[in-house]
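J.: I have a structure here, written as structure tokens, and I will follow up with some questions on it.
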Amino acid sequence: MDHSNHVRLAADELTPVNLEGATVYGANDEKVGTVDHIHGTSLAVIDVGGFLGIGAKPVAVPFKDFDWMRDEDGVVHAVTGWTKDQLEDMPEHRD
């Protein structure tokens with residue numbers, strides 16, 4: 001996915017309603033997971049691995065590690081430098 005034409009979200013758009021369910025793209029533009037929920041004001045909990053949400057592992061990633069964007073169709077997604085393997089190696093997040 002070419003993110004060059006996507007618009008970065010403004011600070012007031014960084015709300016759970018806008019971000020939960022967003023696809024997360026990592027290194028080499030690989031889909032690495034989906035935002036499960038926002039934890040406090042500094043962490044996004046990402047579901048990685050699994051298939052169709054079954055067997056996915058939640059991991060907590062600092063909010064600052066994402067570029068939050070909206071594509072041409074208005075769909076919100078995140079871009080990070082983390083790889084899928086790096087995220088899968090992280091400890092499971094438990095609320």
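We label chains A, B, ... in the order they appear in the structure tokens, count residues from 1 in each chain, and number ligands from 1 in the order shown.
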List every residue of chain A that DSSP, applied to the backbone of this structure, assigns to alpha helix (DSSP H), and report them as a list in words.

T.: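 Alpha helix (DSSP H) assignments inside chain A correspond to Pro16, Val17, Asn18, Leu19, Lys84, Asp85, Gln86, Leu87, Glu88 and Asp89 of chain A.
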
J.: Can you write out the residues you just picked, keeping all heavy atoms, as a short mmCIF file (atom, residue, chain, number, x, y, z; two decimals), in the first residue's frame?

T.:
```cif
data_model
loop_
_atom_site.label_atom_id
_atom_site.label_comp_id
_atom_site.auth_asym_id
_atom_site.auth_seq_id
_atom_site.Cartn_x
_atom_site.Cartn_y
_atom_site.Cartn_z
N PRO A 16 -10.12 6.23 20.64
CA PRO A 16 -10.42 4.81 20.48
C PRO A 16 -11.44 4.53 19.37
O PRO A 16 -11.29 3.56 18.63
CB PRO A 16 -10.96 4.40 21.85
CG PRO A 16 -10.28 5.34 22.80
CD PRO A 16 -10.21 6.65 22.04
N VAL A 17 -12.44 5.37 19.25
CA VAL A 17 -13.46 5.16 18.22
C VAL A 17 -12.83 5.13 16.82
O VAL A 17 -13.20 4.32 15.98
CB VAL A 17 -14.55 6.26 18.29
CG1 VAL A 17 -15.47 6.21 17.10
CG2 VAL A 17 -15.32 6.13 19.59
N ASN A 18 -11.86 6.01 16.57
CA ASN A 18 -11.22 6.08 15.26
C ASN A 18 -10.15 5.01 15.06
O ASN A 18 -9.91 4.58 13.93
CB ASN A 18 -10.57 7.45 15.04
CG ASN A 18 -11.58 8.52 14.78
OD1 ASN A 18 -12.69 8.27 14.32
ND2 ASN A 18 -11.22 9.75 15.11
N LEU A 19 -9.48 4.59 16.14
CA LEU A 19 -8.31 3.74 16.00
C LEU A 19 -8.57 2.25 16.19
O LEU A 19 -7.89 1.43 15.56
CB LEU A 19 -7.23 4.19 16.98
CG LEU A 19 -6.81 5.66 16.89
CD1 LEU A 19 -5.74 5.97 17.91
CD2 LEU A 19 -6.37 6.03 15.49
N LYS A 84 6.42 -8.10 11.82
CA LYS A 84 5.48 -9.07 12.40
C LYS A 84 6.21 -9.99 13.38
O LYS A 84 5.71 -10.27 14.46
CB LYS A 84 4.80 -9.88 11.29
CG LYS A 84 3.67 -10.72 11.77
CD LYS A 84 2.90 -11.30 10.61
CE LYS A 84 1.62 -11.93 11.09
NZ LYS A 84 0.79 -12.36 9.96
N ASP A 85 7.41 -10.43 13.02
CA ASP A 85 8.17 -11.30 13.92
C ASP A 85 8.51 -10.60 15.22
O ASP A 85 8.43 -11.21 16.30
CB ASP A 85 9.46 -11.78 13.24
CG ASP A 85 9.19 -12.80 12.14
OD1 ASP A 85 8.11 -13.43 12.13
OD2 ASP A 85 10.07 -12.96 11.27
N GLN A 86 8.91 -9.33 15.15
CA GLN A 86 9.23 -8.59 16.37
C GLN A 86 8.01 -8.47 17.28
O GLN A 86 8.11 -8.63 18.49
CB GLN A 86 9.75 -7.20 16.03
CG GLN A 86 11.14 -7.18 15.44
CD GLN A 86 11.52 -5.80 14.96
OE1 GLN A 86 10.71 -5.08 14.36
NE2 GLN A 86 12.77 -5.41 15.21
N LEU A 87 6.86 -8.19 16.69
CA LEU A 87 5.64 -8.07 17.48
C LEU A 87 5.25 -9.41 18.09
O LEU A 87 4.85 -9.49 19.25
CB LEU A 87 4.50 -7.51 16.62
CG LEU A 87 4.65 -6.05 16.21
CD1 LEU A 87 3.60 -5.69 15.16
CD2 LEU A 87 4.55 -5.13 17.40
N GLU A 88 5.37 -10.48 17.31
CA GLU A 88 5.02 -11.80 17.83
C GLU A 88 5.95 -12.24 18.95
O GLU A 88 5.57 -13.02 19.82
CB GLU A 88 5.00 -12.83 16.70
CG GLU A 88 3.82 -12.65 15.78
CD GLU A 88 3.80 -13.60 14.59
OE1 GLU A 88 4.86 -14.19 14.27
OE2 GLU A 88 2.74 -13.73 13.98
N ASP A 89 7.19 -11.73 18.96
CA ASP A 89 8.15 -12.07 20.02
C ASP A 89 7.93 -11.27 21.30
O ASP A 89 8.51 -11.59 22.34
CB ASP A 89 9.58 -11.83 19.54
CG ASP A 89 10.04 -12.88 18.53
OD1 ASP A 89 9.38 -13.95 18.42
OD2 ASP A 89 11.03 -12.62 17.83
#
```

J.: Could you pull out the strand (DSSP E or B) residues of chain A, going by DSSP on the backbone, and write them as a ChimeraX atom specification?

T.: /A:7-8,23-25,31-39,43-48,51,54,57-62,66-70,76-80

J.: Could you please determine the separation between CA of Asn5 (chain A) and CA of Phe66 (chain A) in Å, to one decimal place?

T.: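 Spanning CA of Asn5 (chain A) to CA of Phe66 (chain A) is a straight-line distance of 16.8 Å.
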
J.: Grab the CA of Lys57 (chain A) to CA of Leu14 (chain A) distance for me, in Å with one decimal place.

T.: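 We find that CA of Lys57 (chain A) and CA of Leu14 (chain A) lie 23.1 Å from each other.
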
J.: How many Å lie between CA of Pro91 (chain A) and CA of Ala27 (chain A), rounded to one decimal?

T.: 19.7 Å

J.: May I have the residues within 10 Å of region 8-10 of chain A as a PDB file with N, CA and C atoms, in the first residue's frame, using only C-alpha atoms and disregarding those fewer than 3 positions away in the same chain?

T.:
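The resulting file, part06.pdb, is reproduced below:
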```pdb
ATOM      1  N   HIS A   3       1.490   4.760   1.020  1.00  0.00           N
ATOM      2  CA  HIS A   3       0.961   5.665   2.039  1.00  0.00           C
ATOM      3  C   HIS A   3       1.261   7.134   1.740  1.00  0.00           C
ATOM      4  N   ASN A   5       0.102   9.303  -0.249  1.00  0.00           N
ATOM      5  CA  ASN A   5      -1.042  10.204  -0.442  1.00  0.00           C
ATOM      6  C   ASN A   5      -2.026  10.178   0.725  1.00  0.00           C
ATOM      7  N   GLU A  13      -8.135  13.486  16.491  1.00  0.00           N
ATOM      8  CA  GLU A  13      -8.720  12.301  15.859  1.00  0.00           C
ATOM      9  C   GLU A  13      -8.178  11.002  16.452  1.00  0.00           C
ATOM     10  N   LEU A  14      -7.176  11.093  17.313  1.00  0.00           N
ATOM     11  CA  LEU A  14      -6.553   9.905  17.895  1.00  0.00           C
ATOM     12  C   LEU A  14      -7.368   9.411  19.085  1.00  0.00           C
ATOM     13  N   ASN A  18     -11.865   6.007  16.571  1.00  0.00           N
ATOM     14  CA  ASN A  18     -11.215   6.075  15.264  1.00  0.00           C
ATOM     15  C   ASN A  18     -10.151   5.008  15.060  1.00  0.00           C
ATOM     16  N   ASP A  67       2.507   5.906  12.907  1.00  0.00           N
ATOM     17  CA  ASP A  67       1.987   7.023  12.127  1.00  0.00           C
ATOM     18  C   ASP A  67       0.546   6.635  11.825  1.00  0.00           C
ATOM     19  N   TRP A  68      -0.391   7.406  12.347  1.00  0.00           N
ATOM     20  CA  TRP A  68      -1.819   7.129  12.155  1.00  0.00           C
ATOM     21  C   TRP A  68      -2.285   7.897  10.937  1.00  0.00           C
ATOM     22  N   MET A  69      -2.913   7.206   9.987  1.00  0.00           N
ATOM     23  CA  MET A  69      -3.283   7.811   8.708  1.00  0.00           C
ATOM     24  C   MET A  69      -4.688   7.423   8.281  1.00  0.00           C
ATOM     25  N   ARG A  70      -5.187   8.191   7.320  1.00  0.00           N
ATOM     26  CA  ARG A  70      -6.475   7.908   6.680  1.00  0.00           C
ATOM     27  C   ARG A  70      -6.202   7.808   5.182  1.00  0.00           C
ATOM     28  N   ASP A  71      -6.691   6.722   4.548  1.00  0.00           N
ATOM     29  CA  ASP A  71      -6.453   6.557   3.113  1.00  0.00           C
ATOM     30  C   ASP A  71      -7.485   7.312   2.282  1.00  0.00           C
ATOM     31  N   VAL A  76      -8.988   4.396   8.355  1.00  0.00           N
ATOM     32  CA  VAL A  76      -7.856   4.665   9.237  1.00  0.00           C
ATOM     33  C   VAL A  76      -6.977   3.426   9.333  1.00  0.00           C
ATOM     34  N   HIS A  77      -5.668   3.648   9.306  1.00  0.00           N
ATOM     35  CA  HIS A  77      -4.692   2.579   9.493  1.00  0.00           C
ATOM     36  C   HIS A  77      -3.459   3.156  10.163  1.00  0.00           C
ATOM     37  N   ALA A  78      -2.563   2.278  10.562  1.00  0.00           N
ATOM     38  CA  ALA A  78      -1.327   2.704  11.226  1.00  0.00           C
ATOM     39  C   ALA A  78      -0.140   2.114  10.495  1.00  0.00           C
TER      40      ALA A  78
END
```

J.: List the spatial neighbours of Val24 (chain A) as number ranges by chain - criterion: any atom at most 9 Å away, only C-alpha atoms, same-chain residues fewer than 2 positions off excluded.

T.: A: 22, 26, 30-35, 46, 66, 77-80

J.: Using only C-alpha atoms, which residue out of A:Asp12, A:Asp65, A:Asp95, A:Ala60 lies closest to Val48 (chain A)?

T.: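 Between A:Asp12, A:Asp65, A:Asp95, A:Ala60, the residue approaching Val48 (chain A) most closely is A:Ala60.
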